[in-house]
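> Would you mind keeping the following structure in view while I ask a few things?
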Amino acid sequence: MNIIGSPCKICSKATRKIFQAKILNKYDAFYVFCNHCGFLGVENAFWINEAYANPINEEDTGYVSRNLILARKTFLFLIKFFNKSDSFLDYAGGYGMFVRLMRDMGLNFYWDDKYTKNLFARGFEYEKSQPSVVTCFECFEHFLNPLEEIEKMLSISNNIFFSTSLYESYGKGEIPDMSWSYYGFSHGQHISFYSLKTLQYLADKYDLNLYSNGRDLHFLSRRKINRLKFRIVLRFGILPWDMLSRLILKSKTAEDSLSAAQKKDKNAE
C-alpha cells in the first residue's frame, strides 16, 4: 500500500498509508507512516470514546506488575538525578497505584488523570504546583494529539520521564507487521507509535535532550545527564528498591493515613 495519508501528527509532513486493520473487531482503520520523523499512527481514531468505556482495558493484565517494576526503576532514577525532597507528578496516573507506591517509598508524588478515577492516591491530586519531574507511563501510545499532550506536560515541568515501546525494538528497526501485540487492535486504545527518530525530533522541536534505553523508557529534559549512568540506573532499577528505600527515605504510608484521618475529622466538625 502506497497511498498518501493525512499530515503527520508530529511534524505535519505527508504520510503514507501502510496497512489497514480491524479495530474493536468491527471498525476499519488505516495506519499511516511518516518518513520524515518516523511517526506511525492511526489516521482517524473515530472509535476512541468507545474504546475508553473502560479506561484500563481488560487485556492489560500486566497493570500491577508493570507498576511495581516502574516504581523501582523510577525511584532509583529520581534519587540519582534529582533531589529526593522534590515533588513529582504522575501524569495520566490511572488508578493512582504508581503514586501510592512512590509515596510508600518516601517520594513526594502527586496524581493527575482526566479520564480515570483515583482509587489509590486520594488526597494527593495535582493542584498546580511545580514538580521537578513529570512521569507518564504507557500513555504516549494512547495520545490522540501527541503534541498537545506533550506541551501540557512541558508547561508543568521541563523533565519528562516516560515509557512507550519503540516500534524498532520489535522487527529489527522496521515497521512491525500486524502481529505486533502493541498495536492493540482488539481494544483500540493504542493509536500512536514512535521510533527513536520520532523522539529525537520531539527533543529537537522543544529544545530538549533525549535519553533512552532504546526500547521502552525515555527521558526528555533541559538538563544534561550522563547517558551511560542513565542506562545503568534503568538496568539496576529491577532490584527491590521498594524494600531498600527505607534505608534512604522514610515511607509516607503512615503519614498519609494520618493526614487522611485528620481531614475527615476536620470535615466532620
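In the C-alpha cells, chains take the letters A, B, ... in the order shown, each chain's residues start at 1, and ligands count up from 1 in the order shown.
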Considering only C-alpha atoms, return as a list in words whatever protein or nucleic-acid residues lie within 8 Å of segment 139-152 of chain A, sequence-local ones (same chain, fewer than 5 positions apart) excluded.
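Near segment 139-152 of chain A, the qualifying residues are Lys9, Ile10, Ala45, Ala92, Ser163, Thr164, Gln189, His190, Ile191, Ser192, Phe193 and Tyr194 of chain A.
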> I need the chosen residues saved as a PDB file, in the first residue's frame, with C-alpha atoms.

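again10.pdb, freshly written:
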ATOM      1  CA  LYS A   9       0.620  14.457  13.907  1.00  0.00           C
ATOM      2  CA  ILE A  10       4.214  15.125  14.949  1.00  0.00           C
ATOM      3  CA  ALA A  45      -9.371   7.090  15.564  1.00  0.00           C
ATOM      4  CA  ALA A  92      -2.315  10.290  33.311  1.00  0.00           C
ATOM      5  CA  SER A 163       7.532   4.813  28.871  1.00  0.00           C
ATOM      6  CA  THR A 164       6.292   3.697  25.484  1.00  0.00           C
ATOM      7  CA  GLN A 189      -6.670   2.361  22.703  1.00  0.00           C
ATOM      8  CA  HIS A 190      -3.178   2.349  21.142  1.00  0.00           C
ATOM      9  CA  ILE A 191      -3.161   4.814  18.271  1.00  0.00           C
ATOM     10  CA  SER A 192       0.305   6.470  18.244  1.00  0.00           C
ATOM     11  CA  PHE A 193       3.665   4.736  17.877  1.00  0.00           C
ATOM     12  CA  TYR A 194       7.178   6.112  17.980  1.00  0.00           C
TER      13      TYR A 194
END
> Which residues are near segment 122-134 of chain A? Cut-off 9 Å, only C-alpha atoms, ignore same chain within fewer than 6 positions. Put them as a VMD selection string.
chain A and resid 78 82 to 83 86 to 91 96 99 109 to 113 153 to 154 156 to 162 256 259 to 260
> What's the 7 Å shell around Arg215 of chain A, counting only C-alpha atoms, without same-chain residues fewer than 5 positions away, as a PyMOL selection string?
chain A and resi 165-166+169
> Next, write the just-selected residues to a file, as a compact mmCIF listing (two decimals), in the first residue's frame, keeping N, CA and C atoms as the atom set.

# COMPACT_ATOMS: atom_id res chain seq x y z
N SER A 165 6.72 1.73 24.13
CA SER A 165 7.57 0.79 23.40
C SER A 165 7.86 1.32 22.00
N LEU A 166 9.15 1.47 21.69
CA LEU A 166 9.55 1.92 20.36
C LEU A 166 9.36 0.79 19.36
N SER A 169 12.17 -1.63 18.29
CA SER A 169 12.62 -2.68 19.21
C SER A 169 11.94 -4.01 18.89
> Apply DSSP to the structure's backbone, then extract all residues of segment 9-100 of chain A labelled helix (DSSP H, G or I) and return them as a list in words.
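Residues meeting the helix (DSSP H, G or I) criterion: Ile48, Asn49, Glu50, Ala51, Tyr63, Val64, Ser65, Arg66, Asn67, Leu68, Ile69, Leu70, Ala71, Arg72, Lys73, Thr74, Phe75, Leu76, Phe77, Leu78, Ile79, Lys80, Phe81, Met97, Phe98, Val99 and Arg100 of chain A.
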> Find the residue from A:Leu208, A:Gly214, A:Leu40, A:Arg72 that sits nearest to Ile175 of chain A; use only C-alpha atoms when measuring.
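Of A:Leu208, A:Gly214, A:Leu40, A:Arg72, the one nearest Ile175 of chain A, counting only C-alpha atoms, is A:Leu40.
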> In terms of the shortest atom-to-atom distance over only C-alpha atoms, which of A:Glu43, A:Glu50, A:Asp28, A:Glu59 is closest to Gly184 of chain A?
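Between A:Glu43, A:Glu50, A:Asp28, A:Glu59, the residue approaching Gly184 of chain A most closely is A:Glu59.
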> I'd like the interatomic distance between atom CA of Ser6 of chain A and atom CA of Leu199 of chain A, to a tenth of an Å.
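Between these atoms lies a distance of 20.2 Å.
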> Can you pull out every residue within 10 Å of Phe19 of chain A, counting only C-alpha atoms, but drop anything in the same chain fewer than 3 positions away, and send it as a list of chain:residue names?
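Those residues are A:Met1, A:Asn2, A:Ile3, A:Arg16, A:Ala29, A:Phe30, A:Tyr31, A:Val32, A:Phe33, A:Val42, A:Asp177, A:Met178.
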> Export, as a PDB file, in the first residue's frame, the selected residues with C-alpha atoms.

ATOM      1  CA  MET A   1       0.000   0.000   0.000  1.00  0.00           C
ATOM      2  CA  ASN A   2       1.473   3.358  -1.020  1.00  0.00           C
ATOM      3  CA  ILE A   3      -1.362   5.878  -0.725  1.00  0.00           C
ATOM      4  CA  ARG A  16       1.673   7.200   3.505  1.00  0.00           C
ATOM      5  CA  ALA A  29      -8.734   1.795  10.239  1.00  0.00           C
ATOM      6  CA  PHE A  30      -5.770   2.943   8.187  1.00  0.00           C
ATOM      7  CA  TYR A  31      -2.313   3.180   9.750  1.00  0.00           C
ATOM      8  CA  VAL A  32      -0.042   5.867   8.340  1.00  0.00           C
ATOM      9  CA  PHE A  33       3.739   6.297   8.475  1.00  0.00           C
ATOM     10  CA  VAL A  42      -3.886   5.644  13.186  1.00  0.00           C
ATOM     11  CA  ASP A 177       3.891  -6.282  10.899  1.00  0.00           C
ATOM     12  CA  MET A 178       0.345  -6.751  12.156  1.00  0.00           C
TER      13      MET A 178
END
> Per DSSP on the backbone, what are the strand (DSSP E or B) residues of segment 43-211 of chain A, as a VMD selection string?
chain A and resid 87 to 91 108 to 112 125 133 to 137 159 to 163 192 to 193 209 to 211
> Please, could you write that set of residues out with N, CA and C atoms as a PDB file, in the first residue's frame?

ATOM      1  N   SER A  87       9.112  17.515  44.715  1.00  0.00           N
ATOM      2  CA  SER A  87       7.792  16.943  44.435  1.00  0.00           C
ATOM      3  C   SER A  87       7.763  16.474  42.982  1.00  0.00           C
ATOM      4  N   PHE A  88       6.910  15.490  42.707  1.00  0.00           N
ATOM      5  CA  PHE A  88       6.833  14.867  41.394  1.00  0.00           C
ATOM      6  C   PHE A  88       5.362  14.628  41.042  1.00  0.00           C
ATOM      7  N   LEU A  89       5.088  14.579  39.735  1.00  0.00           N
ATOM      8  CA  LEU A  89       3.712  14.373  39.270  1.00  0.00           C
ATOM      9  C   LEU A  89       3.646  13.194  38.317  1.00  0.00           C
ATOM     10  N   ASP A  90       2.687  12.303  38.548  1.00  0.00           N
ATOM     11  CA  ASP A  90       2.418  11.219  37.606  1.00  0.00           C
ATOM     12  C   ASP A  90       1.245  11.645  36.731  1.00  0.00           C
ATOM     13  N   TYR A  91       1.543  11.986  35.487  1.00  0.00           N
ATOM     14  CA  TYR A  91       0.559  12.485  34.518  1.00  0.00           C
ATOM     15  C   TYR A  91      -0.168  11.301  33.897  1.00  0.00           C
ATOM     16  N   ASN A 108       7.704  12.365  47.249  1.00  0.00           N
ATOM     17  CA  ASN A 108       6.558  13.265  47.318  1.00  0.00           C
ATOM     18  C   ASN A 108       5.857  13.338  45.965  1.00  0.00           C
ATOM     19  N   PHE A 109       5.053  12.324  45.674  1.00  0.00           N
ATOM     20  CA  PHE A 109       4.395  12.186  44.371  1.00  0.00           C
ATOM     21  C   PHE A 109       2.935  12.614  44.433  1.00  0.00           C
ATOM     22  N   TYR A 110       2.457  13.138  43.274  1.00  0.00           N
ATOM     23  CA  TYR A 110       1.062  13.525  43.137  1.00  0.00           C
ATOM     24  C   TYR A 110       0.485  12.931  41.863  1.00  0.00           C
ATOM     25  N   TRP A 111      -0.839  12.928  41.782  1.00  0.00           N
ATOM     26  CA  TRP A 111      -1.583  12.219  40.726  1.00  0.00           C
ATOM     27  C   TRP A 111      -2.396  13.190  39.888  1.00  0.00           C
ATOM     28  N   ASP A 112      -2.516  12.881  38.591  1.00  0.00           N
ATOM     29  CA  ASP A 112      -3.431  13.625  37.718  1.00  0.00           C
ATOM     30  C   ASP A 112      -3.882  12.712  36.584  1.00  0.00           C
ATOM     31  N   GLU A 125      -4.016  14.643  44.763  1.00  0.00           N
ATOM     32  CA  GLU A 125      -4.267  15.106  43.413  1.00  0.00           C
ATOM     33  C   GLU A 125      -3.404  16.354  43.130  1.00  0.00           C
ATOM     34  N   VAL A 133       9.756  16.767  38.179  1.00  0.00           N
ATOM     35  CA  VAL A 133       9.662  15.794  37.090  1.00  0.00           C
ATOM     36  C   VAL A 133       8.210  15.381  36.898  1.00  0.00           C
ATOM     37  N   VAL A 134       7.822  15.242  35.655  1.00  0.00           N
ATOM     38  CA  VAL A 134       6.539  14.628  35.307  1.00  0.00           C
ATOM     39  C   VAL A 134       6.826  13.219  34.805  1.00  0.00           C
ATOM     40  N   THR A 135       6.173  12.233  35.394  1.00  0.00           N
ATOM     41  CA  THR A 135       6.254  10.870  34.875  1.00  0.00           C
ATOM     42  C   THR A 135       4.991  10.592  34.063  1.00  0.00           C
ATOM     43  N   CYS A 136       5.128   9.759  33.056  1.00  0.00           N
ATOM     44  CA  CYS A 136       3.982   9.456  32.180  1.00  0.00           C
ATOM     45  C   CYS A 136       4.217   8.072  31.589  1.00  0.00           C
ATOM     46  N   PHE A 137       3.595   7.071  32.168  1.00  0.00           N
ATOM     47  CA  PHE A 137       3.887   5.695  31.790  1.00  0.00           C
ATOM     48  C   PHE A 137       2.769   5.052  30.973  1.00  0.00           C
ATOM     49  N   ASN A 159      11.142  18.341  32.601  1.00  0.00           N
ATOM     50  CA  ASN A 159      11.680  16.991  32.753  1.00  0.00           C
ATOM     51  C   ASN A 159      10.543  15.986  32.665  1.00  0.00           C
ATOM     52  N   ILE A 160      10.558  15.169  31.626  1.00  0.00           N
ATOM     53  CA  ILE A 160       9.508  14.163  31.429  1.00  0.00           C
ATOM     54  C   ILE A 160      10.156  12.786  31.344  1.00  0.00           C
ATOM     55  N   PHE A 161       9.831  11.941  32.300  1.00  0.00           N
ATOM     56  CA  PHE A 161      10.313  10.557  32.327  1.00  0.00           C
ATOM     57  C   PHE A 161       9.135   9.672  31.957  1.00  0.00           C
ATOM     58  N   PHE A 162       9.241   8.925  30.860  1.00  0.00           N
ATOM     59  CA  PHE A 162       8.052   8.232  30.358  1.00  0.00           C
ATOM     60  C   PHE A 162       8.399   6.878  29.742  1.00  0.00           C
ATOM     61  N   SER A 163       7.365   6.104  29.532  1.00  0.00           N
ATOM     62  CA  SER A 163       7.532   4.813  28.871  1.00  0.00           C
ATOM     63  C   SER A 163       6.585   4.718  27.690  1.00  0.00           C
ATOM     64  N   SER A 192      -0.895   5.721  18.609  1.00  0.00           N
ATOM     65  CA  SER A 192       0.305   6.470  18.244  1.00  0.00           C
ATOM     66  C   SER A 192       1.552   5.674  18.616  1.00  0.00           C
ATOM     67  N   PHE A 193       2.475   5.561  17.673  1.00  0.00           N
ATOM     68  CA  PHE A 193       3.665   4.736  17.877  1.00  0.00           C
ATOM     69  C   PHE A 193       4.906   5.503  17.426  1.00  0.00           C
ATOM     70  N   ASN A 209      16.971  17.563  25.660  1.00  0.00           N
ATOM     71  CA  ASN A 209      17.882  16.446  25.486  1.00  0.00           C
ATOM     72  C   ASN A 209      17.094  15.149  25.617  1.00  0.00           C
ATOM     73  N   LEU A 210      17.433  14.176  24.792  1.00  0.00           N
ATOM     74  CA  LEU A 210      16.762  12.878  24.834  1.00  0.00           C
ATOM     75  C   LEU A 210      17.703  11.817  25.381  1.00  0.00           C
ATOM     76  N   TYR A 211      17.181  11.043  26.337  1.00  0.00           N
ATOM     77  CA  TYR A 211      17.890   9.882  26.879  1.00  0.00           C
ATOM     78  C   TYR A 211      16.927   8.708  26.792  1.00  0.00           C
TER      79      TYR A 211
END
